[in-house]
>>> print(open('run_28.cif').read())   # mmCIF, C-alpha atoms
data_entry
#
loop_
_atom_site.group_PDB
_atom_site.id
_atom_site.type_symbol
_atom_site.label_atom_id
_atom_site.label_comp_id
_atom_site.auth_asym_id
_atom_site.auth_seq_id
_atom_site.Cartn_x
_atom_site.Cartn_y
_atom_site.Cartn_z
ATOM 1 C CA MET R 1 -5.310 -18.542 -4.534
ATOM 2 C CA LYS R 2 -4.082 -16.189 -7.246
ATOM 3 C CA ALA R 3 -4.254 -12.443 -6.627
ATOM 4 C CA LEU R 4 -3.822 -9.605 -9.113
ATOM 5 C CA ILE R 5 -2.504 -6.318 -7.727
ATOM 6 C CA THR R 6 -2.632 -3.368 -10.097
ATOM 7 C CA GLY R 7 -0.026 -0.846 -9.002
ATOM 8 C CA GLY R 8 1.672 -3.664 -7.101
ATOM 9 C CA ALA R 9 5.141 -2.113 -7.346
ATOM 10 C CA GLY R 10 3.936 1.002 -5.564
ATOM 11 C CA PHE R 11 4.173 1.785 -1.877
ATOM 12 C CA ILE R 12 0.997 0.104 -0.596
ATOM 13 C CA GLY R 13 0.971 -2.434 -3.419
ATOM 14 C CA SER R 14 4.419 -3.800 -2.635
ATOM 15 C CA HIS R 15 3.530 -4.304 1.044
ATOM 16 C CA LEU R 16 0.331 -6.042 -0.024
ATOM 17 C CA THR R 17 2.398 -8.251 -2.347
ATOM 18 C CA ASP R 18 4.622 -9.249 0.581
ATOM 19 C CA SER R 19 1.619 -10.086 2.757
ATOM 20 C CA LEU R 20 -0.067 -12.257 0.142
ATOM 21 C CA LEU R 21 3.148 -14.098 -0.757
ATOM 22 C CA ALA R 22 3.826 -14.768 2.931
ATOM 23 C CA ASP R 23 0.450 -16.523 3.145
ATOM 24 C CA GLY R 24 1.169 -18.737 0.149
ATOM 25 C CA ALA R 25 -0.780 -16.916 -2.544
ATOM 26 C CA GLU R 26 0.339 -16.592 -6.142
ATOM 27 C CA VAL R 27 0.614 -12.908 -7.024
ATOM 28 C CA ILE R 28 0.464 -11.092 -10.356
ATOM 29 C CA VAL R 29 1.655 -7.485 -10.238
ATOM 30 C CA LEU R 30 0.583 -5.154 -13.043
ATOM 31 C CA ASP R 31 2.503 -1.874 -12.974
ATOM 32 C CA ASP R 32 3.651 0.624 -15.589
ATOM 33 C CA PHE R 33 6.366 1.929 -13.217
ATOM 34 C CA SER R 34 5.336 5.544 -13.672
ATOM 35 C CA THR R 35 5.236 5.882 -9.884
ATOM 36 C CA GLY R 36 5.852 2.300 -8.756
ATOM 37 C CA ARG R 37 9.477 1.181 -8.344
ATOM 38 C CA ARG R 38 11.161 -2.097 -9.170
ATOM 39 C CA GLU R 39 13.217 -1.656 -6.003
ATOM 40 C CA ASN R 40 10.054 -2.152 -3.948
ATOM 41 C CA LEU R 41 9.930 -5.789 -5.079
ATOM 42 C CA ALA R 42 13.665 -6.456 -5.400
ATOM 43 C CA HIS R 43 13.768 -8.256 -2.035
ATOM 44 C CA VAL R 44 11.293 -10.937 -3.161
ATOM 45 C CA SER R 45 12.937 -14.324 -3.738
ATOM 46 C CA PRO R 46 13.234 -15.327 -7.425
ATOM 47 C CA SER R 47 11.560 -18.605 -6.483
ATOM 48 C CA ALA R 48 8.472 -16.882 -5.053
ATOM 49 C CA PRO R 49 5.216 -17.296 -7.026
ATOM 50 C CA LEU R 50 5.325 -13.684 -8.232
ATOM 51 C CA ASP R 51 4.764 -12.593 -11.822
ATOM 52 C CA VAL R 52 5.562 -8.922 -12.488
ATOM 53 C CA VAL R 53 3.914 -7.653 -15.673
ATOM 54 C CA GLU R 54 4.997 -4.268 -16.981
ATOM 55 C CA GLY R 55 1.927 -2.651 -18.435
ATOM 56 C CA SER R 56 -0.985 -0.335 -17.776
ATOM 57 C CA VAL R 57 -4.589 -0.745 -16.645
ATOM 58 C CA LEU R 58 -5.338 1.446 -19.666
ATOM 59 C CA ASP R 59 -4.375 -1.534 -21.842
ATOM 60 C CA GLU R 60 -7.813 -3.128 -22.032
ATOM 61 C CA SER R 61 -6.791 -6.479 -23.515
ATOM 62 C CA LEU R 62 -3.989 -6.986 -20.998
ATOM 63 C CA THR R 63 -6.220 -5.986 -18.096
ATOM 64 C CA ARG R 64 -8.940 -8.382 -19.283
ATOM 65 C CA GLU R 65 -6.470 -11.259 -19.453
ATOM 66 C CA LEU R 66 -5.047 -10.670 -15.979
ATOM 67 C CA VAL R 67 -8.365 -9.973 -14.234
ATOM 68 C CA ARG R 68 -9.877 -13.172 -15.616
ATOM 69 C CA GLU R 69 -6.833 -15.160 -14.513
ATOM 70 C CA ALA R 70 -7.095 -13.981 -10.885
ATOM 71 C CA ASP R 71 -9.220 -15.197 -7.985
ATOM 72 C CA GLN R 72 -8.956 -11.815 -6.249
ATOM 73 C CA VAL R 73 -8.171 -8.342 -7.606
ATOM 74 C CA TYR R 74 -6.663 -5.467 -5.619
ATOM 75 C CA HIS R 75 -6.942 -2.338 -7.768
ATOM 76 C CA LEU R 76 -4.401 0.189 -6.507
ATOM 77 C CA ALA R 77 -3.136 1.646 -9.791
ATOM 78 C CA ALA R 78 -3.876 5.378 -9.871
ATOM 79 C CA ALA R 79 -2.406 8.816 -10.312
ATOM 80 C CA VAL R 80 -0.866 9.798 -6.958
ATOM 81 C CA GLY R 81 0.590 12.907 -5.370
ATOM 82 C CA VAL R 82 -0.713 16.478 -5.438
ATOM 83 C CA HIS R 83 2.133 17.772 -7.624
ATOM 84 C CA ARG R 84 1.717 15.033 -10.234
ATOM 85 C CA ILE R 85 -2.043 15.565 -10.422
ATOM 86 C CA LEU R 86 -1.680 19.335 -10.790
ATOM 87 C CA ASP R 87 0.992 18.895 -13.477
ATOM 88 C CA ARG R 88 -0.786 16.137 -15.446
ATOM 89 C CA PRO R 89 -4.548 16.505 -14.939
ATOM 90 C CA LEU R 90 -5.646 14.782 -18.163
ATOM 91 C CA ALA R 91 -3.500 11.685 -17.610
ATOM 92 C CA SER R 92 -4.625 11.574 -13.970
ATOM 93 C CA ILE R 93 -8.300 11.583 -14.894
ATOM 94 C CA GLU R 94 -7.762 8.925 -17.560
ATOM 95 C CA VAL R 95 -5.952 6.412 -15.359
ATOM 96 C CA ASN R 96 -8.246 6.942 -12.368
ATOM 97 C CA LEU R 97 -11.460 6.533 -14.351
ATOM 98 C CA ARG R 98 -10.744 4.390 -17.415
ATOM 99 C CA GLY R 99 -8.340 2.159 -15.518
ATOM 100 C CA THR R 100 -11.005 1.338 -12.947
ATOM 101 C CA GLU R 101 -13.580 0.838 -15.681
ATOM 102 C CA ASN R 102 -11.289 -1.703 -17.375
ATOM 103 C CA VAL R 103 -10.732 -3.669 -14.169
ATOM 104 C CA LEU R 104 -14.420 -3.808 -13.257
ATOM 105 C CA LYS R 105 -15.609 -4.503 -16.786
ATOM 106 C CA TYR R 106 -13.844 -7.857 -16.831
ATOM 107 C CA ALA R 107 -14.464 -8.907 -13.242
ATOM 108 C CA VAL R 108 -17.059 -11.652 -12.959
ATOM 109 C CA GLU R 109 -19.921 -12.360 -10.591
ATOM 110 C CA GLY R 110 -18.651 -13.389 -7.170
ATOM 111 C CA GLN R 111 -15.069 -12.253 -7.822
ATOM 112 C CA PRO R 112 -13.653 -10.163 -4.919
ATOM 113 C CA VAL R 113 -12.329 -6.814 -6.176
ATOM 114 C CA MET R 114 -10.899 -4.104 -3.930
ATOM 115 C CA ILE R 115 -11.040 -0.541 -5.266
ATOM 116 C CA ALA R 116 -8.550 1.786 -3.572
ATOM 117 C CA SER R 117 -10.134 5.131 -2.761
ATOM 118 C CA THR R 118 -9.018 8.011 -0.584
ATOM 119 C CA SER R 119 -9.980 10.323 2.247
ATOM 120 C CA GLU R 120 -9.773 13.087 -0.372
ATOM 121 C CA VAL R 121 -13.355 12.254 -1.395
ATOM 122 C CA TYR R 122 -14.536 14.106 1.717
ATOM 123 C CA GLY R 123 -13.155 17.305 0.217
ATOM 124 C CA LYS R 124 -13.704 20.322 2.465
ATOM 125 C CA ASN R 125 -15.826 18.449 4.989
ATOM 126 C CA THR R 126 -14.111 19.037 8.341
ATOM 127 C CA SER R 127 -16.689 17.261 10.514
ATOM 128 C CA ASP R 128 -15.442 15.406 13.547
ATOM 129 C CA ALA R 129 -14.717 11.709 12.900
ATOM 130 C CA LEU R 130 -15.892 11.500 9.296
ATOM 131 C CA THR R 131 -18.136 8.519 8.594
ATOM 132 C CA GLU R 132 -18.588 6.765 5.268
ATOM 133 C CA GLU R 133 -22.018 8.394 4.864
ATOM 134 C CA ASP R 134 -20.850 11.974 5.441
ATOM 135 C CA ASP R 135 -21.085 14.421 2.552
ATOM 136 C CA SER R 136 -18.342 15.094 0.047
ATOM 137 C CA ILE R 137 -17.800 18.855 -0.188
ATOM 138 C CA ILE R 138 -15.771 19.375 -3.326
ATOM 139 C CA GLY R 139 -14.358 22.700 -4.526
ATOM 140 C CA ALA R 140 -14.862 24.409 -7.861
ATOM 141 C CA THR R 141 -13.965 22.561 -11.048
ATOM 142 C CA CYS R 142 -11.571 25.348 -12.029
ATOM 143 C CA ARG R 143 -9.302 24.100 -9.221
ATOM 144 C CA SER R 144 -7.407 21.054 -10.548
ATOM 145 C CA ARG R 145 -6.722 20.098 -6.948
ATOM 146 C CA TRP R 146 -10.221 18.575 -6.787
ATOM 147 C CA LEU R 147 -10.022 16.310 -9.820
ATOM 148 C CA TYR R 148 -8.378 13.528 -7.788
ATOM 149 C CA ALA R 149 -11.155 13.535 -5.191
ATOM 150 C CA THR R 150 -13.834 13.597 -7.879
ATOM 151 C CA SER R 151 -12.301 10.800 -9.949
ATOM 152 C CA LYS R 152 -11.883 8.536 -6.904
ATOM 153 C CA ALA R 153 -15.478 9.226 -5.864
ATOM 154 C CA MET R 154 -16.528 8.074 -9.340
ATOM 155 C CA ASP R 155 -14.449 4.920 -8.806
ATOM 156 C CA GLU R 156 -16.523 4.236 -5.698
ATOM 157 C CA PHE R 157 -19.756 4.730 -7.645
ATOM 158 C CA LEU R 158 -18.476 2.348 -10.325
ATOM 159 C CA GLY R 159 -17.566 -0.282 -7.754
ATOM 160 C CA GLN R 160 -20.954 -0.124 -6.071
ATOM 161 C CA ALA R 161 -22.784 -0.198 -9.396
ATOM 162 C CA HIS R 162 -20.913 -3.317 -10.561
ATOM 163 C CA HIS R 163 -21.779 -4.982 -7.264
ATOM 164 C CA ARG R 164 -25.498 -4.157 -7.482
ATOM 165 C CA GLU R 165 -25.986 -4.901 -11.169
ATOM 166 C CA ARG R 166 -23.424 -7.624 -11.896
ATOM 167 C CA GLY R 167 -22.729 -9.263 -8.541
ATOM 168 C CA VAL R 168 -19.003 -8.392 -8.438
ATOM 169 C CA GLN R 169 -17.835 -8.541 -4.813
ATOM 170 C CA THR R 170 -16.381 -5.032 -4.724
ATOM 171 C CA VAL R 171 -14.998 -3.398 -1.593
ATOM 172 C CA MET R 172 -14.084 0.296 -1.665
ATOM 173 C CA VAL R 173 -11.370 1.355 0.805
ATOM 174 C CA ARG R 174 -10.765 5.015 1.662
ATOM 175 C CA TYR R 175 -7.152 5.235 2.806
ATOM 176 C CA PHE R 176 -6.227 8.049 5.191
ATOM 177 C CA ASN R 177 -2.602 9.181 4.654
ATOM 178 C CA THR R 178 -1.031 5.738 4.572
ATOM 179 C CA VAL R 179 2.665 5.932 5.498
ATOM 180 C CA GLY R 180 5.632 3.684 6.218
ATOM 181 C CA PRO R 181 8.832 2.252 4.713
ATOM 182 C CA ARG R 182 9.202 2.457 0.895
ATOM 183 C CA GLN R 183 7.113 5.603 0.607
ATOM 184 C CA THR R 184 9.083 8.354 -1.098
ATOM 185 C CA GLY R 185 8.639 12.109 -0.997
ATOM 186 C CA MET R 186 8.877 12.340 -4.782
ATOM 187 C CA TYR R 187 5.217 13.255 -5.214
ATOM 188 C CA GLY R 188 4.823 15.477 -2.167
ATOM 189 C CA MET R 189 4.225 12.825 0.526
ATOM 190 C CA VAL R 190 4.713 14.668 3.778
ATOM 191 C CA LEU R 191 6.211 12.128 6.200
ATOM 192 C CA PRO R 192 9.097 10.869 4.008
ATOM 193 C CA ASN R 193 9.927 14.458 3.088
ATOM 194 C CA PHE R 194 10.068 15.440 6.754
ATOM 195 C CA VAL R 195 12.208 12.419 7.641
ATOM 196 C CA ARG R 196 14.669 12.920 4.797
ATOM 197 C CA SER R 197 15.121 16.587 5.704
ATOM 198 C CA ALA R 198 15.595 15.790 9.387
ATOM 199 C CA LEU R 199 18.236 13.138 8.710
ATOM 200 C CA ALA R 200 20.047 15.399 6.259
ATOM 201 C CA ALA R 201 20.040 18.289 8.782
ATOM 202 C CA GLU R 202 18.106 20.402 6.274
ATOM 203 C CA PRO R 203 15.126 22.667 7.044
ATOM 204 C CA ILE R 204 11.846 20.762 7.420
ATOM 205 C CA ARG R 205 9.504 22.519 4.996
ATOM 206 C CA ILE R 206 5.892 22.890 6.161
ATOM 207 C CA PHE R 207 3.345 24.086 3.619
ATOM 208 C CA GLY R 208 0.889 26.617 4.995
ATOM 209 C CA SER R 209 0.528 27.355 8.707
ATOM 210 C CA GLY R 210 1.217 23.816 9.880
ATOM 211 C CA GLN R 211 -2.009 23.823 11.903
ATOM 212 C CA GLN R 212 -3.765 21.499 9.442
ATOM 213 C CA ARG R 213 -4.757 18.380 11.345
ATOM 214 C CA ARG R 214 -4.443 14.916 9.858
ATOM 215 C CA ASN R 215 -4.387 11.207 10.631
ATOM 216 C CA PHE R 216 -1.555 8.892 9.506
ATOM 217 C CA THR R 217 -2.022 5.145 8.998
ATOM 218 C CA TYR R 218 0.811 2.612 9.162
ATOM 219 C CA VAL R 219 0.971 0.686 5.896
ATOM 220 C CA GLY R 220 1.131 -2.718 7.600
ATOM 221 C CA ASP R 221 -2.128 -1.953 9.403
ATOM 222 C CA ALA R 222 -3.758 -0.769 6.181
ATOM 223 C CA VAL R 223 -2.737 -3.969 4.377
ATOM 224 C CA ARG R 224 -4.049 -6.144 7.210
ATOM 225 C CA GLY R 225 -7.376 -4.314 7.257
ATOM 226 C CA THR R 226 -7.696 -4.446 3.477
ATOM 227 C CA ARG R 227 -7.125 -8.190 3.349
ATOM 228 C CA LEU R 228 -9.616 -8.807 6.145
ATOM 229 C CA LEU R 229 -12.246 -6.839 4.230
ATOM 230 C CA MET R 230 -11.622 -8.936 1.128
ATOM 231 C CA GLU R 231 -12.207 -12.067 3.204
ATOM 232 C CA THR R 232 -15.453 -10.713 4.709
ATOM 233 C CA GLN R 233 -18.430 -11.496 2.491
ATOM 234 C CA GLN R 234 -20.741 -8.953 4.115
ATOM 235 C CA ALA R 235 -18.276 -6.166 3.262
ATOM 236 C CA ALA R 236 -19.036 -6.536 -0.456
ATOM 237 C CA GLY R 237 -20.552 -3.504 -2.117
ATOM 238 C CA GLN R 238 -19.583 -1.188 0.728
ATOM 239 C CA VAL R 239 -17.164 1.676 1.399
ATOM 240 C CA PHE R 240 -14.837 1.650 4.412
ATOM 241 C CA ASN R 241 -12.534 4.215 5.998
ATOM 242 C CA MET R 242 -9.029 2.854 6.620
ATOM 243 C CA GLY R 243 -7.350 5.130 9.138
ATOM 244 C CA ALA R 244 -5.759 5.255 12.565
ATOM 245 C CA SER R 245 -7.227 7.080 15.549
ATOM 246 C CA GLU R 246 -4.432 9.515 16.408
ATOM 247 C CA GLU R 247 -4.888 13.101 15.213
ATOM 248 C CA VAL R 248 -1.910 15.433 14.792
ATOM 249 C CA SER R 249 -1.160 18.811 13.256
ATOM 250 C CA ILE R 250 1.404 18.971 10.472
ATOM 251 C CA GLU R 251 3.569 21.175 12.698
ATOM 252 C CA GLN R 252 3.383 18.603 15.505
ATOM 253 C CA LEU R 253 4.270 15.885 13.015
ATOM 254 C CA ALA R 254 7.406 17.801 12.019
ATOM 255 C CA LEU R 255 8.415 18.256 15.673
ATOM 256 C CA ARG R 256 7.915 14.551 16.400
ATOM 257 C CA VAL R 257 9.957 13.567 13.343
ATOM 258 C CA ARG R 258 12.730 15.880 14.476
ATOM 259 C CA ARG R 259 12.700 14.422 18.003
ATOM 260 C CA ILE R 260 12.657 10.779 16.898
ATOM 261 C CA ALA R 261 15.363 11.379 14.294
ATOM 262 C CA GLY R 262 17.547 13.199 16.836
ATOM 263 C CA SER R 263 17.716 16.149 14.464
ATOM 264 C CA LYS R 264 18.187 19.875 14.957
ATOM 265 C CA SER R 265 16.657 20.835 11.623
ATOM 266 C CA PRO R 266 14.755 24.130 11.760
ATOM 267 C CA LEU R 267 11.120 24.304 10.691
ATOM 268 C CA GLN R 268 10.550 26.345 7.549
ATOM 269 C CA TYR R 269 7.051 27.544 6.665
ATOM 270 C CA VAL R 270 6.281 27.757 2.944
ATOM 271 C CA PRO R 271 3.146 29.532 1.625
ATOM 272 C CA TYR R 272 0.774 27.359 -0.401
ATOM 273 C CA SER R 273 1.119 29.779 -3.320
ATOM 274 C CA GLN R 274 4.842 29.061 -3.447
ATOM 275 C CA ALA R 275 4.420 25.295 -3.121
ATOM 276 C CA TYR R 276 1.444 24.731 -5.427
ATOM 277 C CA GLY R 277 0.632 27.996 -7.186
ATOM 278 C CA ASP R 278 -2.102 30.549 -6.646
ATOM 279 C CA GLY R 279 -5.548 29.422 -5.567
ATOM 280 C CA PHE R 280 -4.566 26.114 -3.974
ATOM 281 C CA GLU R 281 -7.097 24.923 -1.397
ATOM 282 C CA ASP R 282 -6.380 22.655 1.552
ATOM 283 C CA MET R 283 -8.443 21.224 4.399
ATOM 284 C CA GLN R 284 -7.768 22.278 7.965
ATOM 285 C CA ARG R 285 -8.898 18.982 9.461
ATOM 286 C CA ARG R 286 -9.590 15.445 8.263
ATOM 287 C CA VAL R 287 -10.046 12.601 10.747
ATOM 288 C CA PRO R 288 -11.913 9.318 10.153
ATOM 289 C CA SER R 289 -14.392 7.285 12.089
ATOM 290 C CA THR R 290 -13.408 3.608 11.880
ATOM 291 C CA GLU R 291 -16.455 2.253 13.685
ATOM 292 C CA LYS R 292 -17.867 0.678 10.534
ATOM 293 C CA LEU R 293 -14.526 -1.033 9.859
ATOM 294 C CA ARG R 294 -14.353 -2.405 13.419
ATOM 295 C CA GLN R 295 -17.877 -3.751 13.211
ATOM 296 C CA ALA R 296 -17.122 -5.476 9.897
ATOM 297 C CA ILE R 297 -13.746 -7.077 10.656
ATOM 298 C CA GLY R 298 -13.153 -6.531 14.382
ATOM 299 C CA TYR R 299 -10.082 -4.437 13.710
ATOM 300 C CA ALA R 300 -8.874 -0.955 12.772
ATOM 301 C CA PRO R 301 -5.306 0.367 12.350
ATOM 302 C CA ASP R 302 -3.654 0.654 15.757
ATOM 303 C CA THR R 303 0.097 1.253 15.294
ATOM 304 C CA THR R 304 1.030 4.464 17.108
ATOM 305 C CA LEU R 305 2.292 7.447 15.164
ATOM 306 C CA ASP R 306 5.641 7.395 16.981
ATOM 307 C CA GLU R 307 6.120 3.734 16.024
ATOM 308 C CA THR R 308 5.296 4.584 12.427
ATOM 309 C CA ILE R 309 7.741 7.489 12.371
ATOM 310 C CA ARG R 310 10.481 5.267 13.819
ATOM 311 C CA SER R 311 9.934 2.716 11.054
ATOM 312 C CA VAL R 312 10.334 5.393 8.390
ATOM 313 C CA VAL R 313 13.404 6.904 10.074
ATOM 314 C CA GLU R 314 15.029 3.468 10.264
ATOM 315 C CA TYR R 315 14.181 2.778 6.618
ATOM 316 C CA TYR R 316 15.994 5.917 5.489
ATOM 317 C CA ARG R 317 18.896 5.357 7.848
ATOM 318 C CA GLN R 318 19.442 1.956 6.253
ATOM 319 C CA GLY R 319 20.250 3.541 2.919
ATOM 320 C CA ALA R 320 17.020 4.632 1.283
ATOM 321 C CA LEU R 321 17.987 8.297 1.692
ATOM 322 C CA THR R 322 20.233 8.195 -1.350
ATOM 323 C CA THR R 323 17.806 6.369 -3.657
ATOM 324 C CA ALA R 324 14.309 7.660 -2.796
#
>>> encode(input="run_28.cif", output="C-alpha cells")
Amino acid sequence: MKALITGGAGFIGSHLTDSLLADGAEVIVLDDFSTGRRENLAHVSPSAPLDVVEGSVLDESLTRELVREADQVYHLAAAVGVHRILDRPLASIEVNLRGTENVLKYAVEGQPVMIASTSEVYGKNTSDALTEEDDSIIGATCRSRWLYATSKAMDEFLGQAHHRERGVQTVMVRYFNTVGPRQTGMYGMVLPNFVRSALAAEPIRIFGSGQQRRNFTYVGDAVRGTRLLMETQQAAGQVFNMGASEEVSIEQLALRVRRIAGSKSPLQYVPYSQAYGDGFEDMQRRVPSTEKLRQAIGYAPDTTLDETIRSVVEYYRQGALTTA
C-alpha cells in the first residue's frame, strides 16, 4: 500500500509517517517546509520506503501526479497557528482552500482520502460535549481570527461533496488540540510553550484569564484513530471529532506542566490585546463528544493528560529545547 501524506514533515504528519512505515506501507511525503521540519523525519532509516518531495499542494500538476500514484491520501497540509494566520491571512486562505481543492480534484472514485479539519469549526459554540452535528458559531468577518475556522469548514464541505458526487472515500477529522513530542511553540502552540518555559525556569505566559477550558489529545492516539477511520468503509463521507475526554483549564494545564517538570516558574498572565492585538476573540470552553468515533471504530483517544505532558517534557529534556 502506498500512502501520500501532504504536510507529512509536520507534527502530526511525521507521526503518521512513522506509523504507516512501521506497518510496511510505502509513504510519499509532500511538504513545502514552511511549517514542517526536516528534523521530524531525520530519524527514519535511509532504507525505509519513504519518498520526501519538497513542494506545495498549490502546485496543481505535482499534486495531481502524487495523488494518482497513491492508494490512500492523508491531507494534512494547511496554514497552522493563530499568529501565522493573523499575520498572513491571504496565504492561509489560499493553502487551506485551493490546496484541498487540488487534492480532491485528482482523487478517484473509491480512493480513501482523509481531510484534516479542526475543532475551530465550532467557533463560539460552548455547548457541553460538542457533537459533529452541533452548530458552528463563527464571529464577524472583520476578525481575521475566524478565517481559519471558516476555511476548514469549507474543506469539510468539499470533502463531503466529492464523496456524494464523485464517490471519493473522504473522511473529515476534527482534531482537538493535538499535542506531543515534535510539536513546537513557534506558532503559538500552548503546551510546548509551557514546557519550554518551565524547563528554562522562565515565567509561564498564560494568555487571558487562564480559565478557558480545553481538551488535549495525544498525537499517537490521534494517529491511531485516524488510521482506523481510513480503514473503516462506513466512515466515508462523514465528519468525526478526534479528541480525548479530559477537560482542563489553561491555568490548570500550566500548573500541571510546572509540577511534572519539577519547575518553580511563576505564572504570568498576558492580556489578549498584548498577545494578539485589539479585538481578538477566544472561546471559554471547547470539549468534544467522541461517541460517534467510538461507534465507528470502537476507540477514542485515551492517553491521560499527565502522560502526554510527561512525553513532551522528556522530549525537550532530550535536547529539543535548543532547536525547537
>>> resolve_selection(input="run_28.cif", expression="the PyMOL selection byres ((chain R and resi 66) around 12)", output="PyMOL selection string")
chain R and resi 2-6+27-31+51-57+59-65+67-75+102-104+106-107
>>> residues_around(input="run_28.cif", residues="stretch 203-208 of chain R", least_positions_apart="6", cutoff="8 Å", atoms="only C-alpha atoms", output="compact mmCIF listing (two decimals) with C-alpha atoms, in the frame of the given file")
# COMPACT_ATOMS: atom_id res chain seq x y z
CA ASN R 193 9.93 14.46 3.09
CA PHE R 194 10.07 15.44 6.75
CA SER R 197 15.12 16.59 5.70
CA ILE R 250 1.40 18.97 10.47
CA GLU R 251 3.57 21.18 12.70
CA ALA R 254 7.41 17.80 12.02
CA SER R 265 16.66 20.84 11.62
CA PRO R 266 14.76 24.13 11.76
CA LEU R 267 11.12 24.30 10.69
CA GLN R 268 10.55 26.34 7.55
CA TYR R 269 7.05 27.54 6.66
CA VAL R 270 6.28 27.76 2.94
CA PRO R 271 3.15 29.53 1.62
CA TYR R 272 0.77 27.36 -0.40
CA ALA R 275 4.42 25.30 -3.12
>>> closest_residue(input="run_28.cif", among="R:Arg84, R:Arg98, R:Arg286, R:His162", to="R:Leu58", atoms="only C-alpha atoms")
R:Arg98
>>> resolve_selection(input="run_28.cif", expression="the PyMOL selection byres ((chain R and resi 18) around 12)", output="ChimeraX atom specification")
/R:3,5,8-17,19-29,40-45,48-50,219-220,223-224
>>> atom_distance(input="run_28.cif", atom1="atom CA of R:Met230", atom2="atom CA of R:Thr170")
8.5 Å
>>> closest_residue(input="run_28.cif", among="R:Pro112, R:Pro89, R:Pro288, R:Gly210", to="R:Thr131", atoms="all atoms listed in the file")
R:Pro288
>>> residues_near_point(input="run_28.cif", point="(-21.9, -8.0, -7.8)", cutoff="10 Å", atoms="only C-alpha atoms", output="ChimeraX atom specification")
/R:107-113,159-170,236-237
>>> atom_distance(input="run_28.cif", atom1="atom CA of R:Lys292", atom2="atom CA of R:Trp146")
26.1 Å
>>> axis_aligned_box(input="run_28.cif", around="stretch 249-258 of chain R", padding_each_side="3 Å", output="AutoDock Vina command-line options")
--center_x 5.8 --center_y 17.4 --center_z 13.4 --size_x 19.9 --size_y 13.6 --size_z 11.9
>>> resolve_selection(input="run_28.cif", expression="the PyMOL selection byres ((chain R and resi 316) around 12)", output="NGL selection string")
:R and (180-185 or 191-200 or 261 or 309-315 or 317-324)
>>> atom_distance(input="run_28.cif", atom1="atom CA of R:Val171", atom2="atom CA of R:Gly7")
16.9 Å
>>> residues_around(input="run_28.cif", residues="R:Phe240", least_positions_apart="2", cutoff="7 Å", atoms="all atoms listed in the file", output="list in words")
Glu132, Met172, Val173, Arg174, Gln238, Met242, Lys292 and Leu293 of chain R
